[in-house]
file run-v1.cif (mmCIF, C-alpha atoms)
data_coords
loop_
_atom_site.group_PDB
_atom_site.id
_atom_site.type_symbol
_atom_site.label_atom_id
_atom_site.label_comp_id
_atom_site.auth_asym_id
_atom_site.auth_seq_id
_atom_site.Cartn_x
_atom_site.Cartn_y
_atom_site.Cartn_z
ATOM 1 C CA MET T 19 96.038 67.320 136.488
ATOM 2 C CA ASN T 20 96.599 68.828 139.884
ATOM 3 C CA PRO T 21 93.705 71.234 140.693
ATOM 4 C CA GLN T 22 96.110 73.902 141.958
ATOM 5 C CA LYS T 23 98.164 73.803 138.735
ATOM 6 C CA TRP T 24 94.976 73.945 136.682
ATOM 7 C CA LEU T 25 93.737 76.938 138.670
ATOM 8 C CA LEU T 26 97.093 78.709 138.319
ATOM 9 C CA ARG T 27 97.222 78.087 134.552
ATOM 10 C CA THR T 28 93.636 79.257 134.140
ATOM 11 C CA ALA T 29 94.351 82.410 136.156
ATOM 12 C CA LEU T 30 97.458 83.143 134.056
ATOM 13 C CA LEU T 31 95.505 82.628 130.843
ATOM 14 C CA LEU T 32 92.704 84.947 131.967
ATOM 15 C CA PHE T 33 95.255 87.522 133.116
ATOM 16 C CA SER T 34 96.990 87.374 129.699
ATOM 17 C CA VAL T 35 93.687 87.764 127.869
ATOM 18 C CA GLY T 36 92.820 90.725 130.103
ATOM 19 C CA ILE T 37 96.172 92.395 129.374
ATOM 20 C CA SER T 38 95.705 91.851 125.626
ATOM 21 C CA LEU T 39 92.211 93.315 125.663
ATOM 22 C CA GLY T 40 93.370 96.270 127.731
ATOM 23 C CA LEU T 41 96.249 97.005 125.355
ATOM 24 C CA SER T 42 94.032 96.741 122.277
ATOM 25 C CA ARG T 43 91.556 99.192 123.837
ATOM 26 C CA MET T 44 94.409 101.550 124.707
ATOM 27 C CA VAL T 45 95.722 101.454 121.115
ATOM 28 C CA ALA T 46 92.213 102.026 119.763
ATOM 29 C CA SER T 47 91.657 104.970 122.126
ATOM 30 C CA GLU T 48 94.838 106.611 120.796
ATOM 31 C CA SER T 49 93.422 106.459 117.268
ATOM 32 C CA LEU T 50 91.356 109.211 115.786
ATOM 33 C CA GLU T 51 87.618 108.933 116.074
ATOM 34 C CA PHE T 52 85.828 108.008 112.850
ATOM 35 C CA PRO T 53 83.423 110.879 112.025
ATOM 36 C CA SER T 54 80.474 108.716 110.950
ATOM 37 C CA ASN T 55 78.422 111.585 109.451
ATOM 38 C CA TYR T 56 81.264 113.304 107.606
ATOM 39 C CA GLN T 57 79.515 113.078 104.209
ATOM 40 C CA GLN T 58 76.621 115.131 105.616
ATOM 41 C CA ASP T 59 78.399 117.331 108.174
ATOM 42 C CA PHE T 60 81.667 118.151 106.374
ATOM 43 C CA VAL T 61 82.269 120.112 103.170
ATOM 44 C CA HIS T 62 83.196 118.001 100.132
ATOM 45 C CA TYR T 63 85.903 120.245 98.737
ATOM 46 C CA ALA T 64 88.009 118.204 96.314
ATOM 47 C CA SER T 65 87.864 115.316 93.886
ATOM 48 C CA ILE T 66 91.386 114.281 92.892
ATOM 49 C CA ALA T 67 91.927 111.810 90.048
ATOM 50 C CA CYS T 68 94.990 109.566 90.087
ATOM 51 C CA PRO T 69 95.044 108.171 86.517
ATOM 52 C CA ASN T 70 98.175 106.030 86.931
ATOM 53 C CA SER T 71 96.611 104.037 89.773
ATOM 54 C CA ARG T 72 92.955 104.442 88.691
ATOM 55 C CA ILE T 73 92.024 105.932 92.050
ATOM 56 C CA VAL T 74 89.774 108.911 92.748
ATOM 57 C CA ARG T 75 90.072 110.671 96.089
ATOM 58 C CA GLN T 76 87.018 112.443 97.497
ATOM 59 C CA ILE T 77 88.121 114.859 100.211
ATOM 60 C CA TYR T 78 86.040 116.482 102.956
ATOM 61 C CA ALA T 79 86.820 119.023 105.705
ATOM 62 C CA ASN T 80 84.964 119.956 108.862
ATOM 63 C CA LYS T 81 83.601 123.451 109.429
ATOM 64 C CA ILE T 82 86.553 124.447 111.639
ATOM 65 C CA ALA T 83 88.966 123.868 108.743
ATOM 66 C CA VAL T 84 86.657 125.408 106.139
ATOM 67 C CA ASN T 85 86.073 128.577 108.178
ATOM 68 C CA ALA T 86 89.825 129.115 108.613
ATOM 69 C CA ALA T 87 90.482 128.414 104.911
ATOM 70 C CA LYS T 88 87.781 130.893 103.923
ATOM 71 C CA GLU T 89 89.712 133.606 105.776
ATOM 72 C CA ASN T 90 93.008 132.271 104.343
ATOM 73 C CA LYS T 91 94.188 131.552 107.903
ATOM 74 C CA PRO T 92 96.201 128.537 109.116
ATOM 75 C CA LEU T 93 94.082 125.477 109.861
ATOM 76 C CA PRO T 94 93.513 125.519 113.640
ATOM 77 C CA ASP T 95 93.376 122.757 116.235
ATOM 78 C CA GLY T 96 90.194 120.759 115.765
ATOM 79 C CA SER T 97 90.523 120.722 111.971
ATOM 80 C CA VAL T 98 89.562 117.334 110.528
ATOM 81 C CA ILE T 99 90.087 116.195 106.933
ATOM 82 C CA VAL T 100 88.623 112.974 105.558
ATOM 83 C CA MET T 101 89.875 111.385 102.344
ATOM 84 C CA GLU T 102 87.986 108.564 100.677
ATOM 85 C CA THR T 103 89.839 106.512 98.074
ATOM 86 C CA HIS T 104 87.737 104.938 95.344
ATOM 87 C CA SER T 105 88.625 102.489 92.608
ATOM 88 C CA ALA T 106 87.706 104.083 89.311
ATOM 89 C CA VAL T 107 87.040 103.220 85.687
ATOM 90 C CA ALA T 108 88.247 105.345 82.797
ATOM 91 C CA ASP T 109 85.949 106.396 79.984
ATOM 92 C CA ALA T 110 87.021 106.715 76.333
ATOM 93 C CA ASN T 111 88.567 110.132 77.092
ATOM 94 C CA GLY T 112 90.520 108.840 80.092
ATOM 95 C CA GLN T 113 88.250 110.562 82.643
ATOM 96 C CA LEU T 114 87.981 108.542 85.847
ATOM 97 C CA THR T 115 84.650 107.725 87.450
ATOM 98 C CA PRO T 116 84.677 106.324 91.000
ATOM 99 C CA ASN T 117 82.956 102.948 91.253
ATOM 100 C CA ARG T 118 83.930 101.460 94.655
ATOM 101 C CA LEU T 119 84.921 102.979 97.984
ATOM 102 C CA ASN T 120 88.097 101.258 99.214
ATOM 103 C CA ASN T 121 89.404 103.204 102.222
ATOM 104 C CA VAL T 122 88.764 106.216 104.414
ATOM 105 C CA PHE T 123 91.727 108.158 105.797
ATOM 106 C CA ILE T 124 91.231 110.593 108.671
ATOM 107 C CA ARG T 125 93.567 113.329 109.823
ATOM 108 C CA GLU T 126 93.029 115.680 112.708
ATOM 109 C CA LYS T 127 95.010 118.601 114.055
ATOM 110 C CA ARG T 128 95.469 119.069 117.820
ATOM 111 C CA SER T 129 98.152 120.909 119.773
ATOM 112 C CA ASN T 130 99.222 117.727 121.560
ATOM 113 C CA PHE T 131 99.475 115.578 118.390
ATOM 114 C CA GLY T 132 102.770 114.680 116.740
ATOM 115 C CA ARG T 133 105.061 115.069 119.725
ATOM 116 C CA GLU T 134 105.993 111.393 119.634
ATOM 117 C CA HIS T 135 107.671 111.814 116.237
ATOM 118 C CA SER T 136 111.138 113.151 115.477
ATOM 119 C CA GLU T 137 111.248 116.745 114.302
ATOM 120 C CA ASN T 138 112.109 115.794 110.703
ATOM 121 C CA MET T 139 109.126 113.390 110.491
ATOM 122 C CA ARG T 140 106.602 115.382 112.485
ATOM 123 C CA ASN T 141 103.751 116.820 110.423
ATOM 124 C CA GLY T 142 103.032 119.818 112.585
ATOM 125 C CA ASN T 143 100.219 118.805 114.923
ATOM 126 C CA TRP T 144 98.498 116.360 112.558
ATOM 127 C CA LYS T 145 97.578 112.791 113.444
ATOM 128 C CA TYR T 146 96.462 110.159 110.895
ATOM 129 C CA ALA T 147 94.366 106.974 110.870
ATOM 130 C CA TRP T 148 93.179 104.547 108.204
ATOM 131 C CA TYR T 149 89.654 103.109 108.311
ATOM 132 C CA SER T 150 87.628 100.671 106.255
ATOM 133 C CA PRO T 151 84.552 101.997 104.401
ATOM 134 C CA THR T 152 82.424 100.658 107.276
ATOM 135 C CA GLY T 153 84.332 102.723 109.844
ATOM 136 C CA ASN T 154 86.509 99.986 111.332
ATOM 137 C CA LEU T 155 90.065 100.967 112.199
ATOM 138 C CA VAL T 156 92.536 99.375 109.773
ATOM 139 C CA SER T 157 95.671 101.060 111.076
ATOM 140 C CA SER T 158 96.805 103.940 113.230
ATOM 141 C CA SER T 159 100.396 103.548 112.065
ATOM 142 C CA GLU T 160 101.394 106.924 110.679
ATOM 143 C CA SER T 161 104.799 106.254 109.123
ATOM 144 C CA SER T 162 103.753 106.269 105.448
ATOM 145 C CA CYS T 163 101.430 109.264 105.974
ATOM 146 C CA LEU T 164 104.156 111.240 107.738
ATOM 147 C CA SER T 165 106.850 110.556 105.155
ATOM 148 C CA CYS T 166 104.579 111.400 102.227
ATOM 149 C CA HIS T 167 103.064 114.586 103.696
ATOM 150 C CA THR T 168 106.488 116.061 104.502
ATOM 151 C CA ARG T 169 106.596 116.941 100.774
ATOM 152 C CA VAL T 170 104.075 119.703 101.455
ATOM 153 C CA ARG T 171 105.399 121.243 104.674
ATOM 154 C CA ASN T 172 104.782 124.660 103.151
ATOM 155 C CA ARG T 173 101.034 123.826 102.949
ATOM 156 C CA ASP T 174 100.693 122.768 106.584
ATOM 157 C CA TYR T 175 101.269 119.188 105.366
ATOM 158 C CA VAL T 176 97.982 119.238 103.405
ATOM 159 C CA PHE T 177 98.332 118.393 99.701
ATOM 160 C CA THR T 178 94.918 119.863 98.913
ATOM 161 C CA LEU T 179 95.166 123.062 100.979
ATOM 162 C CA PRO T 180 94.866 125.288 97.857
ATOM 163 C CA ASP T 181 91.713 123.364 96.886
ATOM 164 C CA LEU T 182 90.282 123.793 100.380
ATOM 165 C CA VAL T 183 90.923 127.550 100.301
ATOM 166 C CA THR T 184 89.325 127.876 96.847
ATOM 167 C CA THR T 185 86.256 125.824 97.795
ATOM 168 C CA ALA T 186 85.846 127.710 101.076
ATOM 169 C CA GLN T 187 85.909 131.020 99.210
ATOM 170 C CA THR T 188 83.808 130.012 96.172
ATOM 171 C CA ASN T 189 81.609 127.136 97.406
ATOM 172 C CA GLU T 190 82.682 125.151 94.326
ATOM 173 C CA LEU T 191 84.025 121.592 94.409
ATOM 174 C CA GLN T 192 87.581 121.443 93.077
ATOM 175 C CA SER T 193 88.240 118.613 90.590
ATOM 176 C CA ARG T 194 91.685 117.957 89.160
ATOM 177 C CA PRO T 195 94.302 115.290 88.550
ATOM 178 C CA THR T 196 96.859 114.588 91.257
ATOM 179 C CA GLU T 197 99.965 116.740 91.059
ATOM 180 C CA PHE T 198 102.304 113.946 92.163
ATOM 181 C CA GLY T 199 101.494 111.071 89.801
ATOM 182 C CA LEU T 200 100.939 107.829 91.665
ATOM 183 C CA SER T 201 98.544 107.490 94.559
ATOM 184 C CA VAL T 202 100.103 106.140 97.724
ATOM 185 C CA CYS T 203 96.787 106.010 99.592
ATOM 186 C CA ASN T 204 94.895 103.402 97.604
#

call {"tool": "encode", "arguments": {"input": "run-v1.cif", "output": "structure tokens"}}
result
Amino acid sequence: MNPQKWLLRTALLLFSVGISLGLSRMVASESLEFPSNYQQDFVHYASIACPNSRIVRQIYANKIAVNAAKENKPLPDGSVIVMETHSAVADANGQLTPNRLNNVFIREKRSNFGREHSENMRNGNWKYAWYSPTGNLVSSSESSCLSCHTRVRNRDYVFTLPDLVTTAQTNELQSRPTEFGLSVCN
């Protein structure tokens, strides 16, 4: 092969790899940061059982969200909510016990979030991301999160906002079955 052609092809290949790496870093930087110490630093405020899908959701909120909920105020920018989804086994009475962590979903509220979505799909200023239990980004695609959370516009797009308010005011973990039947976030 002609050395000039080889050099040109090699340069094009390296350039393509560089572009790909740059784009993947850019996409990752647009994703929410995984709060690695959320189980220690956040308040565990709700345990939601989804009997039809045998999933239990363990839900945590950072202090910014908890402090606002305690005062029954809107959740401000900087609020972060983490939802773990666990496979679960049912006992003889149908009570679910979590036995394996499957996914971790993060949502954060910032004044500049959500502008890229149409008004009917926008979830206020919330942004969503899906992580593996080890903290690796699975997806930053928000379409299923956005469409599902529009059901609770009147709760600032947070299904468990009443649970967060109650826990913030009583310091008691809220445990209940899901109010919507099937779990979308498995």

call {"tool": "closest_residue", "arguments": {"input": "run-v1.cif", "among": "T:Asp181, T:Glu197, T:Asp59, T:Asp109", "to": "Lys88 in chain T", "atoms": "only C-alpha atoms"}}
result
T:Asp181

call {"tool": "residues_around", "arguments": {"input": "run-v1.cif", "residues": "Thr184 in chain T", "least_positions_apart": "2", "cutoff": "12 Å", "atoms": "all atoms listed in the file", "output": "list in words"}}
result
Tyr63, Ala64, Val84, Asn85, Ala86, Ala87, Lys88, Glu89, Asn90, Thr178, Leu179, Pro180, Asp181, Leu182, Ala186, Gln187, Thr188, Asn189, Glu190, Leu191, Gln192 and Ser193 of chain T

call {"tool": "residues_around", "arguments": {"input": "run-v1.cif", "residues": "Ile77 in chain T", "least_positions_apart": "3", "cutoff": "7 Å", "atoms": "all atoms listed in the file", "output": "VMD selection string"}}
result
chain T and resid 62 to 65 100 to 102

call {"tool": "closest_residue", "arguments": {"input": "run-v1.cif", "among": "T:Ser105, T:Ser97, T:Gln76, T:Asn70", "to": "Lys145 in chain T", "atoms": "all atoms listed in the file"}}
result
T:Ser97

call {"tool": "atom_distance", "arguments": {"input": "run-v1.cif", "atom1": "CA of Pro92 in chain T", "atom2": "CA of Arg169 in chain T"}}
result
17.7 Å
